[in-house]
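The block underneath contains the structure these notes are about, expressed in structure tokens.
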Amino acid sequence: MTADGVGGRAWLTRVRAGDQEYVEVRARIPLHAHDTVARKQLATALGLMRELLFHVAPRWRHLPPFPAEVLPDWLAEQVFAVAEFTQTPTDLAGSLALACLSTAAGGRAEVEVRGSWREPTNLYTVVVLPPGSRKSAVFAAMVAPILSAEKDLIQRTAPAIIEAELSAKVAGKAAEKAALAAASADAAGRDTLIAEATAAAMNAEAITVPAKPRLVADDITSETAASLLAEEGGRLAVLSPEGGIFATIAGRYSGTPNLEVFLKGHAGDLMRVDRRSREAEHVDKPALTMGLAVQPEILRDIAGMPGFRGLGLLARILFAVPENTVGRRKVGADPIPSQVAADYHSGLHALVAALADWTDPAVIVLAPEANQRVLEIEREVEPRLAPGGAWSHVVDWGSKYTGAVVRIAGLLHLAEHPGNGWGSSVDADTIERAAMIGDYYAAHALAAFDDMGANAATRNARHVLAWIERTATSAFTKREAFRAVQSAQLKTVADLDPALAVLEAHGYLRQLDPPLPKRAGGRPPSPSYLVHPEVHRPAATVHPLGARRAS
């Protein structure tokens, strides 16, 4: 295996022990004597090996796992530890890790790419998992430091808020007293007293009581989100293990969809916030973060919600559609090591504290080599967006891909330098690692948009195919398949017919000749199916690794 700064060889071998199949990985990589260079070599090597593992994995591994190994150490270890303890895919903890970084840095830092092109560092992430997937447990472990940091900010700003409230109260009383004096004065001295009363009123009006710091909200309306963004200087995060926010945006309470705050909150466009008790306010650069986990049914529902696709909300979301681990989870998994949790807690705290007082965003620039890598990504993406290209059916999402990679790179850079990330430029290695995460989200976005546009028969066919691949089934009866995949979407054996027809039409299955009816009556034999042998073969042949150039 060769790449920039990495040289050596690696071997991947498929082995079987009993009923379990493994991929055995062996590598020999000479490391540089300098620790920093050696770490970059290892990160690059791990990324290359992860990519290769994906290509040689069995075909049931349709989508790549979240590349947590490219995150900073304190973040990656937390993601792996949470996934192990909760027995959930790393996709959930990994996407939440990015959402938490976005909560800490969103609106407080932006990446200058070139010219006037700047990307804010806030993200929208949505993970799709069925009920019972322990989403709440993962959210609790990943979001806890953010909530703790919010409490610290409230305590830190409490004296200033109390002082401002008292000052406003005193000034208000003084203005009332001056107004009463002017009202009761005779004509000779009234003009002077009116001027004094006016000055007192303006002084009282000028006193602003700071809002109590708030980093996170849950299921809020668009109007509440806009008000909170104005109060919090344009920064807010919606983090929730449920997807009720989408129904709220679609008009569950108001009856009218209101997407403006969520569109502008991602792009950083000027937003006007009208208030009943005060004059309208303008939020110059709103930065909204979303980190959600939704059920598959909600993913399919939002595709049909008015404006979600047409106005560009879905194009702003980084989707993750991980494999469901329910039914195959290890009981008694190791808990999160205390040191790992402590490092994660202190890392997020440091980032929140370092950026909390910033009003104008800190500007992070790209190193020349990093800018060249961004140009390469742009050149790679553009042909995919052309008619007939790989992303031609998701042009809206694909057009924002490079910007999303830059945002992720900015967050990785800040996570590696939580106290002074704005004082150094983003290097090419960080862009490369962000691009690996971008590749992951691109694969999952294609699956998510495909699922949103699929009909019930196609979705059920995928469900049956997943069972076939997971269990290595080579032949089965319809009755056996129904017992294995019965669900709310497949309530009767008859519901299985369209799904089996789709799989048969695409060559995955072949129905055997119908069985002869029993002479003595009774229940007729169940139809039988053969599975195409290619379903259980690897997607690629394993060879010793040759040279590979790193982009």
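We label chains A, B, ... in the order they appear in the structure tokens, count residues from 1 in each chain, and number ligands from 1 in the order shown.
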Exercise for the section: Write out as number ranges by chain the residues lying within 12 Å of Leu96 of chain A, counting only C-alpha atoms and excluding same-chain residues fewer than 6 positions away. Expected result: A: 66, 68, 75-76, 78-79, 82-83, 89-90, 102-103, 123-127, 135-136, 138-144, 146, 237-241, 289-293, 318-320
For the residues in the current selection, export N, CA, C and O atoms as a compact mmCIF listing (two decimals), in the first residue's frame.
# COMPACT_ATOMS: atom_id res chain seq x y z
N PHE A 66 -19.77 4.45 9.47
CA PHE A 66 -19.24 5.78 9.74
C PHE A 66 -17.73 5.69 10.02
O PHE A 66 -17.30 4.89 10.87
N ALA A 68 -15.32 6.62 11.92
CA ALA A 68 -14.98 7.29 13.17
C ALA A 68 -13.48 7.40 13.39
O ALA A 68 -13.02 8.26 14.15
N LEU A 75 -12.52 12.33 20.38
CA LEU A 75 -13.87 12.18 19.84
C LEU A 75 -14.10 10.76 19.33
O LEU A 75 -15.15 10.16 19.59
N ALA A 76 -13.11 10.22 18.62
CA ALA A 76 -13.24 8.87 18.06
C ALA A 76 -13.41 7.83 19.16
O ALA A 76 -14.24 6.92 19.05
N GLN A 78 -14.69 8.18 22.10
CA GLN A 78 -16.03 8.26 22.67
C GLN A 78 -17.05 7.61 21.74
O GLN A 78 -17.93 6.87 22.19
N VAL A 79 -16.93 7.85 20.46
CA VAL A 79 -17.86 7.26 19.49
C VAL A 79 -17.80 5.73 19.55
O VAL A 79 -18.83 5.05 19.63
N VAL A 82 -19.20 4.44 23.03
CA VAL A 82 -20.66 4.54 23.13
C VAL A 82 -21.32 3.48 22.25
O VAL A 82 -22.29 2.83 22.66
N ALA A 83 -20.81 3.31 21.04
CA ALA A 83 -21.38 2.30 20.14
C ALA A 83 -21.24 0.89 20.72
O ALA A 83 -22.16 0.08 20.62
N PRO A 89 -24.94 1.04 15.98
CA PRO A 89 -23.97 1.34 14.92
C PRO A 89 -23.17 2.60 15.26
O PRO A 89 -23.71 3.54 15.88
N THR A 90 -21.92 2.65 14.86
CA THR A 90 -21.12 3.85 15.09
C THR A 90 -21.69 5.04 14.35
O THR A 90 -21.39 6.19 14.68
N SER A 102 -20.85 20.91 16.04
CA SER A 102 -21.57 22.00 15.39
C SER A 102 -22.29 22.88 16.41
O SER A 102 -22.33 24.10 16.27
N THR A 103 -22.83 22.25 17.46
CA THR A 103 -23.49 23.01 18.52
C THR A 103 -22.49 23.94 19.22
O THR A 103 -22.81 25.09 19.54
N LEU A 123 -24.10 22.09 10.99
CA LEU A 123 -24.54 20.96 10.17
C LEU A 123 -25.96 20.55 10.55
O LEU A 123 -26.41 20.78 11.67
N TYR A 124 -26.63 19.87 9.61
CA TYR A 124 -27.89 19.17 9.87
C TYR A 124 -27.60 17.68 9.66
O TYR A 124 -27.27 17.26 8.55
N THR A 125 -27.70 16.87 10.71
CA THR A 125 -27.51 15.42 10.58
C THR A 125 -28.77 14.69 11.00
O THR A 125 -29.40 15.06 11.99
N VAL A 126 -29.13 13.67 10.25
CA VAL A 126 -30.31 12.84 10.55
C VAL A 126 -29.93 11.39 10.39
O VAL A 126 -29.47 10.96 9.32
N VAL A 127 -30.09 10.61 11.46
CA VAL A 127 -29.81 9.17 11.44
C VAL A 127 -31.14 8.42 11.44
O VAL A 127 -32.04 8.74 12.23
N LYS A 135 -31.68 4.71 20.75
CA LYS A 135 -31.29 6.05 20.32
C LYS A 135 -31.16 6.99 21.51
O LYS A 135 -30.22 7.80 21.58
N SER A 136 -32.09 6.90 22.45
CA SER A 136 -32.07 7.80 23.61
C SER A 136 -30.81 7.62 24.44
O SER A 136 -30.23 8.59 24.95
N VAL A 138 -27.85 6.66 23.41
CA VAL A 138 -26.72 7.25 22.69
C VAL A 138 -26.78 8.78 22.79
O VAL A 138 -25.76 9.44 23.02
N PHE A 139 -27.96 9.34 22.65
CA PHE A 139 -28.11 10.79 22.78
C PHE A 139 -27.69 11.25 24.17
O PHE A 139 -26.99 12.26 24.31
N ALA A 140 -28.10 10.51 25.19
CA ALA A 140 -27.75 10.90 26.55
C ALA A 140 -26.24 10.95 26.74
O ALA A 140 -25.70 11.87 27.36
N ALA A 141 -25.52 9.95 26.20
CA ALA A 141 -24.07 9.89 26.37
C ALA A 141 -23.35 10.96 25.56
O ALA A 141 -22.36 11.53 26.02
N MET A 142 -23.85 11.26 24.37
CA MET A 142 -23.15 12.20 23.49
C MET A 142 -23.49 13.65 23.78
O MET A 142 -22.64 14.53 23.61
N VAL A 143 -24.71 13.92 24.21
CA VAL A 143 -25.16 15.31 24.37
C VAL A 143 -24.92 15.83 25.79
O VAL A 143 -24.91 17.04 26.01
N ALA A 144 -24.69 14.95 26.75
CA ALA A 144 -24.54 15.37 28.15
C ALA A 144 -23.51 16.48 28.34
O ALA A 144 -23.78 17.45 29.07
N ILE A 146 -22.66 18.84 26.36
CA ILE A 146 -23.21 20.09 25.84
C ILE A 146 -24.18 20.70 26.84
O ILE A 146 -24.15 21.91 27.11
N ALA A 237 -29.17 24.92 18.64
CA ALA A 237 -29.13 23.53 18.16
C ALA A 237 -30.42 22.82 18.54
O ALA A 237 -30.94 23.01 19.64
N VAL A 238 -30.93 22.02 17.62
CA VAL A 238 -32.07 21.15 17.88
C VAL A 238 -31.53 19.72 17.88
O VAL A 238 -31.18 19.18 16.83
N LEU A 239 -31.41 19.14 19.06
CA LEU A 239 -30.89 17.78 19.22
C LEU A 239 -31.97 16.91 19.84
O LEU A 239 -32.42 17.20 20.95
N SER A 240 -32.38 15.86 19.16
CA SER A 240 -33.48 15.05 19.66
C SER A 240 -33.40 13.64 19.10
O SER A 240 -33.08 13.45 17.92
N PRO A 241 -33.71 12.62 19.93
CA PRO A 241 -33.76 11.25 19.45
C PRO A 241 -35.05 10.92 18.71
O PRO A 241 -35.31 9.76 18.40
N THR A 289 -28.19 24.33 14.20
CA THR A 289 -27.69 22.95 14.12
C THR A 289 -28.85 22.00 14.33
O THR A 289 -29.72 22.25 15.16
N MET A 290 -28.86 20.89 13.58
CA MET A 290 -29.83 19.83 13.83
C MET A 290 -29.10 18.50 13.95
O MET A 290 -28.28 18.16 13.09
N GLY A 291 -29.41 17.77 15.01
CA GLY A 291 -28.90 16.42 15.19
C GLY A 291 -30.06 15.55 15.62
O GLY A 291 -30.48 15.61 16.78
N LEU A 292 -30.60 14.77 14.70
CA LEU A 292 -31.83 14.02 14.96
C LEU A 292 -31.66 12.54 14.65
O LEU A 292 -30.79 12.15 13.86
N ALA A 293 -32.49 11.73 15.27
CA ALA A 293 -32.62 10.31 14.92
C ALA A 293 -34.10 10.07 14.65
O ALA A 293 -34.94 10.41 15.49
N LEU A 318 -27.45 15.86 6.14
CA LEU A 318 -26.53 14.73 6.00
C LEU A 318 -27.22 13.50 6.59
O LEU A 318 -27.37 13.39 7.80
N PHE A 319 -27.67 12.61 5.72
CA PHE A 319 -28.42 11.43 6.14
C PHE A 319 -27.47 10.27 6.46
O PHE A 319 -26.45 10.08 5.80
N ALA A 320 -27.85 9.48 7.45
CA ALA A 320 -27.17 8.22 7.76
C ALA A 320 -28.23 7.14 7.89
O ALA A 320 -29.19 7.31 8.65
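Residues in contact with segment 367-383 of chain A at 6 Å, where only C-alpha atoms are counted and same-chain residues fewer than 2 positions away are skipped, are listed as Leu385, Ala386, Ser425, Val426, Asp427 and Ala428 of chain A.
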Residue subset to file, keeping all heavy atoms, as a PDB file, in the first residue's frame:
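After the write, selection32.pdb holds the following:
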ATOM      1  N   LEU A 385     -23.114  15.590 -11.247  1.00  0.00           N
ATOM      2  CA  LEU A 385     -24.355  16.366 -11.225  1.00  0.00           C
ATOM      3  C   LEU A 385     -24.958  16.542 -12.615  1.00  0.00           C
ATOM      4  O   LEU A 385     -26.098  16.999 -12.736  1.00  0.00           O
ATOM      5  CB  LEU A 385     -24.091  17.753 -10.614  1.00  0.00           C
ATOM      6  CG  LEU A 385     -23.437  17.774  -9.230  1.00  0.00           C
ATOM      7  CD1 LEU A 385     -23.201  19.205  -8.780  1.00  0.00           C
ATOM      8  CD2 LEU A 385     -24.302  17.044  -8.211  1.00  0.00           C
ATOM      9  N   ALA A 386     -24.214  16.195 -13.659  1.00  0.00           N
ATOM     10  CA  ALA A 386     -24.694  16.356 -15.029  1.00  0.00           C
ATOM     11  C   ALA A 386     -25.837  15.384 -15.310  1.00  0.00           C
ATOM     12  O   ALA A 386     -25.974  14.354 -14.642  1.00  0.00           O
ATOM     13  CB  ALA A 386     -23.550  16.132 -16.012  1.00  0.00           C
ATOM     14  N   SER A 425      -4.255  27.427  10.121  1.00  0.00           N
ATOM     15  CA  SER A 425      -5.021  27.099   8.924  1.00  0.00           C
ATOM     16  C   SER A 425      -5.377  25.614   8.879  1.00  0.00           C
ATOM     17  O   SER A 425      -4.717  24.776   9.495  1.00  0.00           O
ATOM     18  CB  SER A 425      -4.223  27.481   7.675  1.00  0.00           C
ATOM     19  OG  SER A 425      -2.978  26.809   7.660  1.00  0.00           O
ATOM     20  N   VAL A 426      -6.414  25.311   8.137  1.00  0.00           N
ATOM     21  CA  VAL A 426      -6.837  23.922   7.934  1.00  0.00           C
ATOM     22  C   VAL A 426      -5.900  23.279   6.923  1.00  0.00           C
ATOM     23  O   VAL A 426      -5.709  23.809   5.820  1.00  0.00           O
ATOM     24  CB  VAL A 426      -8.291  23.869   7.423  1.00  0.00           C
ATOM     25  CG1 VAL A 426      -8.709  22.423   7.155  1.00  0.00           C
ATOM     26  CG2 VAL A 426      -9.233  24.526   8.409  1.00  0.00           C
ATOM     27  N   ASP A 427      -5.300  22.151   7.269  1.00  0.00           N
ATOM     28  CA  ASP A 427      -4.346  21.519   6.355  1.00  0.00           C
ATOM     29  C   ASP A 427      -5.027  20.514   5.438  1.00  0.00           C
ATOM     30  O   ASP A 427      -6.219  20.188   5.590  1.00  0.00           O
ATOM     31  CB  ASP A 427      -3.194  20.874   7.132  1.00  0.00           C
ATOM     32  CG  ASP A 427      -3.672  19.801   8.109  1.00  0.00           C
ATOM     33  OD1 ASP A 427      -4.750  19.232   7.887  1.00  0.00           O
ATOM     34  OD2 ASP A 427      -2.960  19.537   9.098  1.00  0.00           O
ATOM     35  N   ALA A 428      -4.263  20.010   4.479  1.00  0.00           N
ATOM     36  CA  ALA A 428      -4.810  19.095   3.475  1.00  0.00           C
ATOM     37  C   ALA A 428      -5.264  17.783   4.093  1.00  0.00           C
ATOM     38  O   ALA A 428      -6.232  17.169   3.634  1.00  0.00           O
ATOM     39  CB  ALA A 428      -3.770  18.847   2.385  1.00  0.00           C
TER      40      ALA A 428
END
Practice task
Check segment 153-286 of chain A with DSSP on the backbone and list each residue it calls strand (DSSP E), as a ChimeraX atom specification.
Solution key: /A:216-217,235-240,271-273,281-283
Go ahead and save the picked residues with N, CA and C atoms, as a short mmCIF file (atom, residue, chain, number, x, y, z; two decimals), in the first residue's frame.
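Printed below is selection-v1.cif as written:
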data_model
loop_
_atom_site.label_atom_id
_atom_site.label_comp_id
_atom_site.auth_asym_id
_atom_site.auth_seq_id
_atom_site.Cartn_x
_atom_site.Cartn_y
_atom_site.Cartn_z
N VAL A 216 -29.19 24.31 23.40
CA VAL A 216 -29.96 23.20 22.84
C VAL A 216 -31.45 23.41 23.05
N ALA A 217 -32.22 23.09 22.03
CA ALA A 217 -33.68 23.03 22.13
C ALA A 217 -34.11 21.67 21.60
N ARG A 235 -27.50 31.66 17.29
CA ARG A 235 -26.96 30.31 17.44
C ARG A 235 -27.91 29.45 18.26
N LEU A 236 -28.18 28.25 17.75
CA LEU A 236 -29.08 27.33 18.45
C LEU A 236 -28.93 25.95 17.83
N ALA A 237 -29.17 24.92 18.64
CA ALA A 237 -29.13 23.53 18.16
C ALA A 237 -30.42 22.82 18.54
N VAL A 238 -30.93 22.02 17.62
CA VAL A 238 -32.07 21.15 17.88
C VAL A 238 -31.53 19.72 17.88
N LEU A 239 -31.41 19.14 19.06
CA LEU A 239 -30.89 17.78 19.22
C LEU A 239 -31.97 16.91 19.84
N SER A 240 -32.38 15.86 19.16
CA SER A 240 -33.48 15.05 19.66
C SER A 240 -33.40 13.64 19.10
N MET A 271 -31.94 37.04 8.46
CA MET A 271 -33.27 36.63 8.87
C MET A 271 -33.91 37.73 9.72
N ARG A 272 -35.15 38.07 9.42
CA ARG A 272 -35.90 39.07 10.17
C ARG A 272 -36.81 38.34 11.15
N VAL A 273 -36.75 38.74 12.40
CA VAL A 273 -37.55 38.10 13.45
C VAL A 273 -38.51 39.14 14.01
N GLU A 281 -36.33 42.26 14.96
CA GLU A 281 -34.88 42.15 15.02
C GLU A 281 -34.37 41.44 13.78
N HIS A 282 -33.10 41.71 13.47
CA HIS A 282 -32.45 41.05 12.34
C HIS A 282 -31.33 40.17 12.87
N VAL A 283 -31.28 38.95 12.39
CA VAL A 283 -30.17 38.06 12.70
C VAL A 283 -29.31 38.00 11.44
#
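Atom CA of Arg384 of chain A to atom CA of Phe308 of chain A spans 22.7 Å [interatomic distance, one decimal].
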Exercise for the section: Would you mind telling me which residue in A:Gln339, A:Asn324, A:Thr492, A:Gln486 lies nearest to Arg470 of chain A when using only C-alpha atoms? Expected result: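 Smallest distance to Arg470 of chain A is found for A:Asn324.
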